[in-house]
file run_19.csv (CSV, N, CA and C atoms)
chain,number,residue,atom,x,y,z
A,1,GLN,N,12.7,-11.8,14.6
A,1,GLN,CA,13.4,-12.1,13.4
A,1,GLN,C,14.8,-11.6,13.5
A,2,VAL,N,15.7,-12.2,12.6
A,2,VAL,CA,17.1,-11.8,12.6
A,2,VAL,C,17.4,-11.2,11.2
A,3,GLN,N,18.1,-10.1,11.2
A,3,GLN,CA,18.6,-9.5,10.0
A,3,GLN,C,20.1,-9.5,10.0
A,4,LEU,N,20.7,-9.8,8.8
A,4,LEU,CA,22.1,-9.8,8.6
A,4,LEU,C,22.5,-8.8,7.5
A,5,VAL,N,23.6,-8.1,7.8
A,5,VAL,CA,24.1,-7.1,6.8
A,5,VAL,C,25.6,-7.3,6.7
A,6,GLU,N,26.0,-7.7,5.5
A,6,GLU,CA,27.5,-7.9,5.2
A,6,GLU,C,28.1,-6.6,4.8
A,7,SER,N,29.4,-6.5,5.0
A,7,SER,CA,30.2,-5.4,4.5
A,7,SER,C,31.7,-5.8,4.4
A,8,GLY,N,32.4,-5.0,3.6
A,8,GLY,CA,33.9,-5.3,3.5
A,8,GLY,C,34.3,-5.8,2.2
A,9,GLY,N,33.4,-6.1,1.3
A,9,GLY,CA,33.8,-6.6,0.0
A,9,GLY,C,34.5,-5.5,-0.8
A,10,GLY,N,35.0,-5.9,-2.0
A,10,GLY,CA,35.7,-5.0,-2.8
A,10,GLY,C,36.6,-5.6,-3.8
A,11,LEU,N,37.4,-4.8,-4.4
A,11,LEU,CA,38.4,-5.3,-5.4
A,11,LEU,C,39.8,-5.4,-4.7
A,12,VAL,N,40.5,-6.5,-4.9
A,12,VAL,CA,41.8,-6.7,-4.3
A,12,VAL,C,42.6,-7.5,-5.3
A,13,GLN,N,43.9,-7.2,-5.3
A,13,GLN,CA,44.9,-7.9,-6.2
A,13,GLN,C,45.1,-9.3,-5.6
A,14,PRO,N,45.5,-10.2,-6.5
A,14,PRO,CA,45.9,-11.6,-6.1
A,14,PRO,C,47.0,-11.5,-5.0
A,15,GLY,N,46.8,-12.3,-4.0
A,15,GLY,CA,47.8,-12.3,-2.9
A,15,GLY,C,47.4,-11.3,-1.8
A,16,GLY,N,46.4,-10.5,-2.0
A,16,GLY,CA,46.0,-9.5,-1.0
A,16,GLY,C,45.0,-10.1,0.0
A,17,SER,N,44.5,-9.2,0.9
A,17,SER,CA,43.7,-9.6,2.0
A,17,SER,C,42.4,-8.7,2.0
A,18,LEU,N,41.4,-9.2,2.6
A,18,LEU,CA,40.2,-8.5,2.8
A,18,LEU,C,39.5,-9.1,4.1
A,19,LYS,N,38.8,-8.3,4.8
A,19,LYS,CA,38.1,-8.8,6.0
A,19,LYS,C,36.6,-8.4,5.8
A,20,LEU,N,35.8,-9.5,5.8
A,20,LEU,CA,34.3,-9.3,5.7
A,20,LEU,C,33.7,-9.2,7.1
A,21,SER,N,32.7,-8.5,7.2
A,21,SER,CA,31.9,-8.4,8.5
A,21,SER,C,30.4,-8.7,8.2
A,22,CYS,N,29.8,-9.2,9.1
A,22,CYS,CA,28.3,-9.5,9.0
A,22,CYS,C,27.7,-9.1,10.4
A,23,ALA,N,26.9,-8.0,10.4
A,23,ALA,CA,26.3,-7.5,11.6
A,23,ALA,C,24.9,-8.1,11.7
A,24,ALA,N,24.6,-8.7,12.8
A,24,ALA,CA,23.3,-9.3,13.0
A,24,ALA,C,22.5,-8.4,13.9
A,25,SER,N,21.2,-8.3,13.7
A,25,SER,CA,20.3,-7.5,14.5
A,25,SER,C,19.0,-8.2,14.7
A,26,GLY,N,18.2,-7.7,15.5
A,26,GLY,CA,16.9,-8.3,15.8
A,26,GLY,C,17.0,-9.4,16.9
A,27,SER,N,16.4,-10.5,16.7
A,27,SER,CA,16.4,-11.6,17.8
A,27,SER,C,17.7,-12.4,17.7
A,28,THR,N,18.8,-11.7,18.0
A,28,THR,CA,20.1,-12.3,17.9
A,28,THR,C,20.2,-13.5,18.9
A,29,PHE,N,19.4,-13.5,20.0
A,29,PHE,CA,19.5,-14.6,21.0
A,29,PHE,C,19.2,-15.9,20.4
A,30,SER,N,18.5,-15.9,19.2
A,30,SER,CA,18.0,-17.1,18.6
A,30,SER,C,19.0,-17.7,17.6
A,31,ILE,N,20.1,-17.0,17.4
A,31,ILE,CA,21.1,-17.5,16.4
A,31,ILE,C,21.9,-18.6,17.0
A,32,ASN,N,22.1,-19.6,16.2
A,32,ASN,CA,22.9,-20.8,16.6
A,32,ASN,C,24.3,-20.7,15.9
A,33,ALA,N,24.5,-21.6,14.9
A,33,ALA,CA,25.7,-21.5,14.1
A,33,ALA,C,25.6,-20.4,13.1
A,34,MET,N,26.8,-19.9,12.6
A,34,MET,CA,26.8,-19.0,11.5
A,34,MET,C,27.8,-19.4,10.5
A,35,GLY,N,27.7,-18.8,9.3
A,35,GLY,CA,28.7,-19.2,8.3
A,35,GLY,C,28.8,-18.2,7.2
A,36,TRP,N,29.8,-18.4,6.4
A,36,TRP,CA,30.0,-17.6,5.1
A,36,TRP,C,29.9,-18.6,3.9
A,37,TYR,N,29.1,-18.2,3.0
A,37,TYR,CA,29.0,-18.9,1.7
A,37,TYR,C,29.4,-18.0,0.6
A,38,ARG,N,29.7,-18.6,-0.6
A,38,ARG,CA,29.9,-17.7,-1.7
A,38,ARG,C,29.4,-18.4,-3.0
A,39,GLN,N,29.1,-17.5,-3.9
A,39,GLN,CA,28.6,-17.9,-5.2
A,39,GLN,C,29.3,-17.2,-6.3
A,40,ALA,N,30.0,-17.9,-7.1
A,40,ALA,CA,30.7,-17.3,-8.3
A,40,ALA,C,29.7,-17.4,-9.5
A,41,PRO,N,30.0,-16.5,-10.5
A,41,PRO,CA,29.1,-16.5,-11.7
A,41,PRO,C,29.0,-17.9,-12.3
A,42,GLY,N,27.8,-18.3,-12.5
A,42,GLY,CA,27.6,-19.6,-13.2
A,42,GLY,C,27.8,-20.8,-12.3
A,43,LYS,N,28.0,-20.6,-11.0
A,43,LYS,CA,28.2,-21.7,-10.1
A,43,LYS,C,27.2,-21.7,-9.0
A,44,GLU,N,27.1,-22.9,-8.3
A,44,GLU,CA,26.2,-23.0,-7.2
A,44,GLU,C,26.8,-22.3,-5.9
A,45,ARG,N,26.0,-21.9,-5.0
A,45,ARG,CA,26.5,-21.4,-3.8
A,45,ARG,C,27.1,-22.5,-3.0
A,46,GLU,N,28.3,-22.2,-2.4
A,46,GLU,CA,29.0,-23.2,-1.6
A,46,GLU,C,29.4,-22.6,-0.2
A,47,LEU,N,29.6,-23.5,0.7
A,47,LEU,CA,30.0,-23.2,2.0
A,47,LEU,C,31.5,-22.8,2.0
A,48,VAL,N,31.8,-21.7,2.6
A,48,VAL,CA,33.3,-21.3,2.7
A,48,VAL,C,33.8,-21.7,4.1
A,49,ALA,N,33.0,-21.2,5.1
A,49,ALA,CA,33.5,-21.5,6.5
A,49,ALA,C,32.3,-21.4,7.4
A,50,ALA,N,32.3,-22.1,8.6
A,50,ALA,CA,31.2,-22.1,9.5
A,50,ALA,C,31.8,-22.0,10.9
A,51,ILE,N,31.0,-21.5,11.8
A,51,ILE,CA,31.4,-21.4,13.2
A,51,ILE,C,30.2,-21.7,14.1
A,52,THR,N,30.3,-22.5,15.1
A,52,THR,CA,29.2,-22.8,16.1
A,52,THR,C,29.1,-21.6,17.1
A,53,SER,N,28.1,-21.7,17.9
A,53,SER,CA,27.9,-20.7,19.0
A,53,SER,C,29.0,-20.7,20.0
A,54,VAL,N,29.8,-21.9,20.1
A,54,VAL,CA,30.8,-21.9,21.1
A,54,VAL,C,32.2,-21.8,20.4
A,55,GLY,N,32.2,-21.5,19.1
A,55,GLY,CA,33.5,-21.2,18.5
A,55,GLY,C,34.2,-22.3,17.7
A,56,ASN,N,33.5,-23.5,17.5
A,56,ASN,CA,34.1,-24.5,16.7
A,56,ASN,C,34.0,-24.1,15.2
A,57,THR,N,35.0,-24.4,14.5
A,57,THR,CA,35.0,-23.9,13.1
A,57,THR,C,35.2,-25.0,12.1
A,58,ASP,N,34.8,-24.7,10.9
A,58,ASP,CA,35.0,-25.7,9.8
A,58,ASP,C,35.2,-24.9,8.5
A,59,TYR,N,36.1,-25.4,7.6
A,59,TYR,CA,36.4,-24.7,6.4
A,59,TYR,C,36.3,-25.6,5.2
A,60,ALA,N,36.0,-24.9,4.0
A,60,ALA,CA,36.1,-25.6,2.8
A,60,ALA,C,37.6,-25.9,2.5
A,61,ASP,N,37.9,-27.0,1.9
A,61,ASP,CA,39.3,-27.3,1.6
A,61,ASP,C,40.0,-26.2,0.8
A,62,SER,N,39.3,-25.6,0.0
A,62,SER,CA,39.9,-24.6,-0.9
A,62,SER,C,40.3,-23.3,-0.2
A,63,VAL,N,39.9,-23.1,1.0
A,63,VAL,CA,40.3,-21.9,1.8
A,63,VAL,C,41.0,-22.2,3.1
A,64,LYS,N,41.2,-23.4,3.4
A,64,LYS,CA,41.9,-23.8,4.6
A,64,LYS,C,43.3,-23.2,4.6
A,65,GLY,N,43.7,-22.6,5.7
A,65,GLY,CA,45.0,-22.0,5.8
A,65,GLY,C,45.1,-20.6,5.3
A,66,ARG,N,44.1,-20.1,4.6
A,66,ARG,CA,44.0,-18.8,4.1
A,66,ARG,C,42.9,-17.9,4.7
A,67,PHE,N,41.8,-18.5,5.0
A,67,PHE,CA,40.7,-17.8,5.6
A,67,PHE,C,40.5,-18.1,7.0
A,68,THR,N,40.0,-17.2,7.8
A,68,THR,CA,39.7,-17.4,9.2
A,68,THR,C,38.4,-16.8,9.5
A,69,ILE,N,37.5,-17.7,10.1
A,69,ILE,CA,36.2,-17.2,10.5
A,69,ILE,C,36.2,-17.0,12.0
A,70,SER,N,35.5,-15.9,12.4
A,70,SER,CA,35.4,-15.6,13.9
A,70,SER,C,34.1,-14.9,14.1
A,71,ARG,N,33.7,-14.9,15.4
A,71,ARG,CA,32.4,-14.2,15.7
A,71,ARG,C,32.6,-13.5,17.1
A,72,ASP,N,32.1,-12.3,17.2
A,72,ASP,CA,32.0,-11.6,18.4
A,72,ASP,C,30.6,-11.6,18.9
A,73,ASN,N,30.3,-12.4,19.8
A,73,ASN,CA,28.9,-12.6,20.3
A,73,ASN,C,28.4,-11.3,21.0
A,74,ALA,N,29.3,-10.6,21.6
A,74,ALA,CA,28.9,-9.4,22.3
A,74,ALA,C,28.5,-8.3,21.4
A,75,LYS,N,29.1,-8.3,20.2
A,75,LYS,CA,28.8,-7.3,19.2
A,75,LYS,C,27.9,-7.8,18.1
A,76,ASN,N,27.5,-9.1,18.2
A,76,ASN,CA,26.6,-9.7,17.3
A,76,ASN,C,27.1,-9.6,15.8
A,77,THR,N,28.4,-9.9,15.7
A,77,THR,CA,29.1,-9.7,14.4
A,77,THR,C,29.9,-10.9,14.1
A,78,LEU,N,29.8,-11.3,12.8
A,78,LEU,CA,30.6,-12.4,12.3
A,78,LEU,C,31.6,-11.8,11.3
A,79,TYR,N,32.8,-12.5,11.3
A,79,TYR,CA,33.9,-12.0,10.5
A,79,TYR,C,34.5,-13.1,9.6
A,80,LEU,N,35.1,-12.7,8.5
A,80,LEU,CA,35.8,-13.6,7.6
A,80,LEU,C,37.1,-12.9,7.2
A,81,GLN,N,38.2,-13.3,7.8
A,81,GLN,CA,39.5,-12.7,7.3
A,81,GLN,C,40.0,-13.6,6.2
A,82,MET,N,40.2,-12.9,5.1
A,82,MET,CA,40.7,-13.6,3.9
A,82,MET,C,42.1,-13.1,3.5
A,83,ASN,N,43.0,-14.0,3.5
A,83,ASN,CA,44.4,-13.7,3.1
A,83,ASN,C,44.8,-14.5,1.9
A,84,SER,N,45.9,-14.1,1.3
A,84,SER,CA,46.4,-14.8,0.1
A,84,SER,C,45.3,-15.1,-0.9
A,85,LEU,N,44.5,-14.1,-1.2
A,85,LEU,CA,43.4,-14.2,-2.1
A,85,LEU,C,43.8,-14.6,-3.5
A,86,LYS,N,43.0,-15.4,-4.2
A,86,LYS,CA,43.2,-15.9,-5.5
A,86,LYS,C,42.1,-15.4,-6.4
A,87,PRO,N,42.3,-15.3,-7.7
A,87,PRO,CA,41.2,-15.0,-8.6
A,87,PRO,C,40.0,-15.9,-8.5
A,88,GLU,N,40.2,-17.2,-8.2
A,88,GLU,CA,39.1,-18.1,-8.0
A,88,GLU,C,38.3,-17.9,-6.8
A,89,ASP,N,38.7,-16.9,-5.9
A,89,ASP,CA,38.0,-16.6,-4.7
A,89,ASP,C,36.9,-15.5,-5.1
A,90,THR,N,37.0,-15.0,-6.3
A,90,THR,CA,36.0,-14.0,-6.8
A,90,THR,C,34.6,-14.6,-6.7
A,91,ALA,N,33.7,-13.9,-6.0
A,91,ALA,CA,32.3,-14.3,-5.8
A,91,ALA,C,31.6,-13.3,-5.0
A,92,VAL,N,30.3,-13.5,-4.9
A,92,VAL,CA,29.4,-12.8,-3.9
A,92,VAL,C,29.5,-13.7,-2.7
A,93,TYR,N,29.8,-13.0,-1.6
A,93,TYR,CA,29.9,-13.7,-0.3
A,93,TYR,C,28.7,-13.4,0.6
A,94,PHE,N,28.1,-14.5,1.1
A,94,PHE,CA,26.8,-14.3,1.9
A,94,PHE,C,27.0,-14.8,3.3
A,95,CYS,N,26.5,-14.1,4.2
A,95,CYS,CA,26.5,-14.4,5.6
A,95,CYS,C,25.2,-15.3,5.9
A,96,ASN,N,25.3,-16.3,6.7
A,96,ASN,CA,24.2,-17.2,7.0
A,96,ASN,C,24.1,-17.4,8.5
A,97,ALA,N,22.9,-17.4,9.0
A,97,ALA,CA,22.7,-17.7,10.4
A,97,ALA,C,21.7,-18.9,10.5
A,98,LYS,N,22.0,-19.9,11.3
A,98,LYS,CA,21.1,-21.0,11.6
A,98,LYS,C,20.4,-20.5,12.9
A,99,ILE,N,19.1,-20.7,12.8
A,99,ILE,CA,18.2,-20.2,13.9
A,99,ILE,C,17.7,-21.4,14.8
A,100,LYS,N,17.6,-21.1,16.0
A,100,LYS,CA,17.2,-22.1,17.0
A,100,LYS,C,15.6,-22.3,16.9
A,101,PHE,N,15.2,-23.3,17.6
A,101,PHE,CA,13.7,-23.5,17.7
A,101,PHE,C,13.0,-23.8,16.4
A,102,GLY,N,13.7,-24.3,15.4
A,102,GLY,CA,13.1,-24.7,14.2
A,102,GLY,C,12.8,-23.6,13.2
A,103,PHE,N,13.2,-22.4,13.5
A,103,PHE,CA,12.9,-21.3,12.6
A,103,PHE,C,13.8,-21.4,11.3
A,104,PRO,N,13.4,-20.8,10.2
A,104,PRO,CA,14.2,-20.9,9.0
A,104,PRO,C,15.5,-20.1,9.1
A,105,GLU,N,16.5,-20.6,8.4
A,105,GLU,CA,17.8,-19.9,8.4
A,105,GLU,C,17.7,-18.6,7.8
A,106,VAL,N,18.6,-17.7,8.0
A,106,VAL,CA,18.6,-16.3,7.5
A,106,VAL,C,19.8,-16.0,6.7
A,107,TRP,N,19.7,-15.3,5.6
A,107,TRP,CA,20.8,-14.9,4.7
A,107,TRP,C,20.9,-13.4,4.7
A,108,GLY,N,22.1,-12.9,4.5
A,108,GLY,CA,22.4,-11.5,4.2
A,108,GLY,C,22.2,-11.3,2.7
A,109,GLN,N,22.4,-10.0,2.4
A,109,GLN,CA,22.2,-9.7,0.9
A,109,GLN,C,23.4,-10.0,0.1
A,110,GLY,N,24.5,-10.2,0.7
A,110,GLY,CA,25.7,-10.5,-0.1
A,110,GLY,C,26.6,-9.3,-0.3
A,111,THR,N,27.9,-9.6,-0.4
A,111,THR,CA,28.9,-8.6,-0.7
A,111,THR,C,29.9,-9.1,-1.7
A,112,LEU,N,30.2,-8.4,-2.7
A,112,LEU,CA,31.0,-8.8,-3.8
A,112,LEU,C,32.5,-8.7,-3.5
A,113,VAL,N,33.2,-9.8,-3.7
A,113,VAL,CA,34.7,-9.8,-3.6
A,113,VAL,C,35.2,-10.1,-5.0
A,114,THR,N,36.1,-9.2,-5.5
A,114,THR,CA,36.7,-9.4,-6.8
A,114,THR,C,38.2,-9.5,-6.6
A,115,VAL,N,38.8,-10.5,-7.0
A,115,VAL,CA,40.3,-10.7,-7.0
A,115,VAL,C,40.8,-10.6,-8.4
A,116,SER,N,41.5,-9.5,-8.7
A,116,SER,CA,42.0,-9.3,-10.0
A,116,SER,C,43.1,-8.3,-10.0
A,117,SER,N,44.0,-8.5,-11.0
A,117,SER,CA,45.1,-7.6,-11.1
A,117,SER,C,44.7,-6.5,-12.2

call {"tool": "encode", "arguments": {"input": "run_19.csv", "output": "structure tokens"}}
result
Amino acid sequence: QVQLVESGGGLVQPGGSLKLSCAASGSTFSINAMGWYRQAPGKERELVAAITSVGNTDYADSVKGRFTISRDNAKNTLYLQMNSLKPEDTAVYFCNAKIKFGFPEVWGQGTLVTVSS
């Protein structure tokens, strides 16, 4: 099994930056693509950014040019660098791992990001 633990959330002013981390443990060899999702109050969970095992990335239009996803396979850690944060970025951010061999995807517990003055 794979376990994911996010960290790095918090309160930041508009225009500020935060870097989220997601540490994977367990059967990390079975992880394929990874991604960050977010869920704002009263809204559905949405994809923010994704990265394949070889480093190809994809972003939601709302964060392109502001957020950068990366992964350190040696450290089994996924990152999300968030710059130029806006109040509408306020949400719980979840780490996600797609698992090989047909096993179910795995989610972290989430970390809250609040952008407010």

call {"tool": "residues_near_point", "arguments": {"input": "run_19.csv", "point": "(32.4, -17.5, -1.1)", "cutoff": "7 Å", "atoms": "all atoms listed in the file", "output": "list of chain:residue names"}}
result
A:Trp36, A:Tyr37, A:Arg38, A:Gln39, A:Ala40, A:Glu46, A:Leu47, A:Val48, A:Asp89, A:Thr90, A:Ala91, A:Val92, A:Tyr93, A:Phe94

call {"tool": "atom_distance", "arguments": {"input": "run_19.csv", "atom1": "atom N of Thr111 in chain A", "atom2": "atom N of Ala97 in chain A"}}
result
13.2 Å

call {"tool": "residues_around", "arguments": {"input": "run_19.csv", "residues": "range 75-87 of chain A", "least_positions_apart": "6", "cutoff": "5 Å", "atoms": "all atoms listed in the file", "output": "PyMOL selection string"}}
result
chain A and resi 14-24+66-69+115

call {"tool": "residues_around", "arguments": {"input": "run_19.csv", "residues": "Phe29 in chain A", "least_positions_apart": "4", "cutoff": "8 Å", "atoms": "all atoms listed in the file", "output": "NGL selection string"}}
result
:A and (2 or 25 or 99-100)

call {"tool": "atom_distance", "arguments": {"input": "run_19.csv", "atom1": "CA of Gly108 in chain A", "atom2": "atom C of Gly35 in chain A"}}
result
9.7 Å

call {"tool": "closest_residue", "arguments": {"input": "run_19.csv", "among": "A:Phe103, A:Pro41, A:Ile31, A:Ala74", "to": "Ser53 in chain A", "atoms": "only N, CA and C atoms"}}
result
A:Ile31

call {"tool": "select_by_dssp", "arguments": {"input": "run_19.csv", "residues": "chain A", "states": "strand (DSSP E)", "output": "VMD selection string"}}
result
chain A and resid 2 to 7 10 to 12 18 to 26 31 to 39 46 to 51 57 to 59 67 to 72 77 to 82 91 to 99 106 to 107 111 to 115

call {"tool": "residues_near_point", "arguments": {"input": "run_19.csv", "point": "(35.0, -25.2, 6.7)", "cutoff": "7 Å", "atoms": "only N, CA and C atoms", "output": "ChimeraX atom specification"}}
result
/A:47-50,57-61

call {"tool": "atom_distance", "arguments": {"input": "run_19.csv", "atom1": "CA of Trp107 in chain A", "atom2": "atom N of Leu4 in chain A"}}
result
6.5 Å

call {"tool": "closest_residue", "arguments": {"input": "run_19.csv", "among": "A:Val63, A:Val54, A:Ala33, A:Cys95", "to": "Gly110 in chain A", "atoms": "only N, CA and C atoms"}}
result
A:Cys95
